[in-house]
Amino acid sequence: MDFLLQNWQIAFAVFAFLTLLLAGMIRRTVQFPYQKQQSLVTRNELLFFRELQVAIDGQWAIFAMVRIADLLSVKSGTQKRQSWQNKINCKHIDFVICDPHSLEPVLAIELDDRTHQRADRVRRDEFVNAAFEAAQLPLLRIKAARAYFADEIATHLREHLELKPRRRKRPHAKRKSTPRA
């Protein structure tokens, strides 16, 4: 015991080292409860995205699952600013079309499936519509479908942005002929 009292600095250093070593071991054994998502979008959204890519034909940049708070900001000096910010922090837009050079958002797109008919989603959609209108960022709502077609999507897009005719046409799938009896 006298040795420890006389060499308290060494004893403290050994104690500190062992404490840090033990803490490091404990930290490494903690298992985080996270796993990678299989996709950013649903199967239906992926179908739409593929046709949207064809319709855009490389003229604009497309982003999926963008947080509204990354598209809109609350004006400085707004009363209850944090409350307004909280209303957009956890909401997402399905797709955003941006200028390919500046990445300025020019159009937001929402696919509306049957869940958008629920009362809570109707209120959410009304809020989102009003927020985008106030920010002067167009929001295009497209009814979810089993299939999407690039030409139809392009028609909707042309209401909001300049879209040149596609450079390359997609080959049509050949239909198998069925023998006639």
# chains A, B, ... in the order shown; residues from 1 in each chain; ligands from 1
>>> residues_around(residues="range 99-113 of chain A", least_positions_apart="3", cutoff="6 Å", atoms="only C-alpha atoms", output="short mmCIF file (atom, residue, chain, number, x, y, z; two decimals) with C-alpha atoms, in the first residue's frame")
data_model
loop_
_atom_site.label_atom_id
_atom_site.label_comp_id
_atom_site.auth_asym_id
_atom_site.auth_seq_id
_atom_site.Cartn_x
_atom_site.Cartn_y
_atom_site.Cartn_z
CA TRP A 60 -32.54 17.04 -66.15
CA ALA A 61 -31.21 15.44 -62.95
CA ASP A 94 -41.03 10.90 -54.14
CA PHE A 95 -39.00 12.55 -56.94
CA VAL A 96 -37.36 15.89 -57.62
CA HIS A 116 -53.43 9.21 -50.18
CA PRO A 138 -44.18 23.30 -58.71
CA LEU A 139 -45.49 20.00 -57.38
CA LEU A 140 -46.81 17.47 -59.88
CA ARG A 141 -49.10 14.79 -58.50
CA ILE A 142 -49.44 11.63 -60.55
CA LYS A 143 -51.92 8.91 -59.73
CA ALA A 144 -50.16 5.62 -59.05
#
>>> select_by_dssp(residues="range 20-107 of chain A", states="alpha helix (DSSP H)", output="ChimeraX atom specification")
/A:20-29,43-56,81-89
>>> select_by_dssp(residues="range 67-144 of chain A", states="strand (DSSP E)", output="list in words")
Arg67, His92, Ile93, Asp94, Phe95, Val96, Ile97, Cys98, Pro105, Val106, Leu107, Ala108, Ile109, Glu110, Leu111, Asp112, Leu139, Leu140, Arg141, Ile142 and Lys143 of chain A
>>> write_last_selection(atoms="N, CA and C atoms", output="CSV table (one decimal), in the first residue's frame")
chain,number,residue,atom,x,y,z
A,67,ARG,N,-36.0,14.8,-48.8
A,67,ARG,CA,-36.7,15.4,-47.7
A,67,ARG,C,-37.2,16.8,-48.1
A,92,HIS,N,-41.1,13.6,-47.0
A,92,HIS,CA,-40.3,13.4,-48.2
A,92,HIS,C,-41.2,13.5,-49.4
A,93,ILE,N,-40.5,13.9,-50.5
A,93,ILE,CA,-41.2,13.9,-51.8
A,93,ILE,C,-40.6,12.7,-52.6
A,94,ASP,N,-41.5,12.1,-53.4
A,94,ASP,CA,-41.0,10.9,-54.1
A,94,ASP,C,-39.9,11.2,-55.1
A,95,PHE,N,-40.0,12.2,-56.0
A,95,PHE,CA,-39.0,12.5,-56.9
A,95,PHE,C,-38.9,14.0,-57.1
A,96,VAL,N,-37.6,14.5,-57.4
A,96,VAL,CA,-37.4,15.9,-57.6
A,96,VAL,C,-36.5,16.0,-58.9
A,97,ILE,N,-37.0,16.9,-59.8
A,97,ILE,CA,-36.3,17.2,-61.0
A,97,ILE,C,-35.5,18.5,-60.8
A,98,CYS,N,-34.2,18.4,-61.1
A,98,CYS,CA,-33.3,19.5,-60.8
A,98,CYS,C,-32.5,19.9,-62.1
A,105,PRO,N,-33.7,22.7,-57.6
A,105,PRO,CA,-34.9,22.0,-57.8
A,105,PRO,C,-35.9,22.8,-58.7
A,106,VAL,N,-36.4,22.2,-59.7
A,106,VAL,CA,-37.4,22.9,-60.6
A,106,VAL,C,-38.8,22.2,-60.6
A,107,LEU,N,-38.9,21.0,-60.1
A,107,LEU,CA,-40.2,20.3,-60.1
A,107,LEU,C,-40.1,19.2,-59.1
A,108,ALA,N,-41.1,19.1,-58.3
A,108,ALA,CA,-41.3,17.9,-57.4
A,108,ALA,C,-42.4,17.1,-57.9
A,109,ILE,N,-42.3,15.7,-57.7
A,109,ILE,CA,-43.3,14.8,-58.2
A,109,ILE,C,-43.7,13.9,-57.0
A,110,GLU,N,-45.0,13.7,-56.8
A,110,GLU,CA,-45.5,12.8,-55.9
A,110,GLU,C,-46.4,11.8,-56.6
A,111,LEU,N,-46.1,10.5,-56.3
A,111,LEU,CA,-47.0,9.4,-56.8
A,111,LEU,C,-48.1,9.2,-55.8
A,112,ASP,N,-49.3,9.4,-56.1
A,112,ASP,CA,-50.4,9.2,-55.2
A,112,ASP,C,-51.1,7.9,-55.3
A,139,LEU,N,-45.3,21.4,-57.9
A,139,LEU,CA,-45.5,20.0,-57.4
A,139,LEU,C,-46.5,19.3,-58.3
A,140,LEU,N,-46.0,18.3,-59.0
A,140,LEU,CA,-46.8,17.5,-59.9
A,140,LEU,C,-47.3,16.2,-59.2
A,141,ARG,N,-48.6,16.0,-59.1
A,141,ARG,CA,-49.1,14.8,-58.5
A,141,ARG,C,-49.6,13.9,-59.6
A,142,ILE,N,-49.1,12.6,-59.5
A,142,ILE,CA,-49.4,11.6,-60.5
A,142,ILE,C,-50.1,10.5,-59.8
A,143,LYS,N,-51.2,10.0,-60.3
A,143,LYS,CA,-51.9,8.9,-59.7
A,143,LYS,C,-51.1,7.6,-60.0
>>> atom_distance(atom1="CA of Leu137 in chain A", atom2="CA of Gln37 in chain A")
29.2 Å
>>> atom_distance(atom1="CA of Gln85 in chain A", atom2="CA of Thr115 in chain A")
24.5 Å
>>> residues_around(residues="Asn89 in chain A", least_positions_apart="2", cutoff="8 Å", atoms="only C-alpha atoms", output="PDB file with N, CA and C atoms, in the first residue's frame")
ATOM      1  N   ARG A  67     -35.995  14.810 -48.810  1.00  0.00           N
ATOM      2  CA  ARG A  67     -36.658  15.443 -47.667  1.00  0.00           C
ATOM      3  C   ARG A  67     -37.165  16.824 -48.069  1.00  0.00           C
ATOM      4  N   ILE A  68     -38.384  17.130 -47.693  1.00  0.00           N
ATOM      5  CA  ILE A  68     -38.944  18.450 -48.030  1.00  0.00           C
ATOM      6  C   ILE A  68     -38.087  19.554 -47.420  1.00  0.00           C
ATOM      7  N   ALA A  69     -37.526  19.312 -46.239  1.00  0.00           N
ATOM      8  CA  ALA A  69     -36.674  20.318 -45.597  1.00  0.00           C
ATOM      9  C   ALA A  69     -35.401  20.588 -46.391  1.00  0.00           C
ATOM     10  N   GLN A  85     -40.578  24.584 -39.247  1.00  0.00           N
ATOM     11  CA  GLN A  85     -39.492  23.711 -39.712  1.00  0.00           C
ATOM     12  C   GLN A  85     -39.798  22.249 -39.382  1.00  0.00           C
ATOM     13  N   ASN A  86     -40.301  22.020 -38.182  1.00  0.00           N
ATOM     14  CA  ASN A  86     -40.620  20.653 -37.764  1.00  0.00           C
ATOM     15  C   ASN A  86     -41.671  20.004 -38.664  1.00  0.00           C
ATOM     16  N   LYS A  87     -42.553  20.820 -39.230  1.00  0.00           N
ATOM     17  CA  LYS A  87     -43.618  20.289 -40.085  1.00  0.00           C
ATOM     18  C   LYS A  87     -43.075  19.707 -41.389  1.00  0.00           C
ATOM     19  N   LYS A  91     -40.828  14.860 -43.655  1.00  0.00           N
ATOM     20  CA  LYS A  91     -41.644  14.536 -44.824  1.00  0.00           C
ATOM     21  C   LYS A  91     -40.735  14.453 -46.054  1.00  0.00           C
TER      22      LYS A  91
END
>>> closest_residue(among="A:Met65, A:Ala23, A:Ile153, A:Ile56", to="Ser39 in chain A", atoms="only C-alpha atoms")
A:Met65
>>> atom_distance(atom1="CA of Val128 in chain A", atom2="CA of Ile88 in chain A")
8.4 Å
>>> closest_residue(among="A:Ala145, A:Leu161, A:Asp151, A:Gln79", to="Leu47 in chain A", atoms="only C-alpha atoms")
A:Ala145
>>> residues_around(residues="Arg167 in chain A", least_positions_apart="6", cutoff="12 Å", atoms="only C-alpha atoms", output="short mmCIF file (atom, residue, chain, number, x, y, z; two decimals) with C-alpha atoms, in the first residue's frame")
data_model
loop_
_atom_site.label_atom_id
_atom_site.label_comp_id
_atom_site.auth_asym_id
_atom_site.auth_seq_id
_atom_site.Cartn_x
_atom_site.Cartn_y
_atom_site.Cartn_z
CA VAL A 54 -36.71 7.70 -70.36
CA ALA A 55 -39.00 10.75 -70.47
CA ILE A 56 -36.28 13.08 -69.14
CA ASP A 57 -33.73 11.62 -71.57
CA GLY A 58 -30.75 12.99 -69.63
CA GLN A 59 -31.92 16.61 -69.88
#
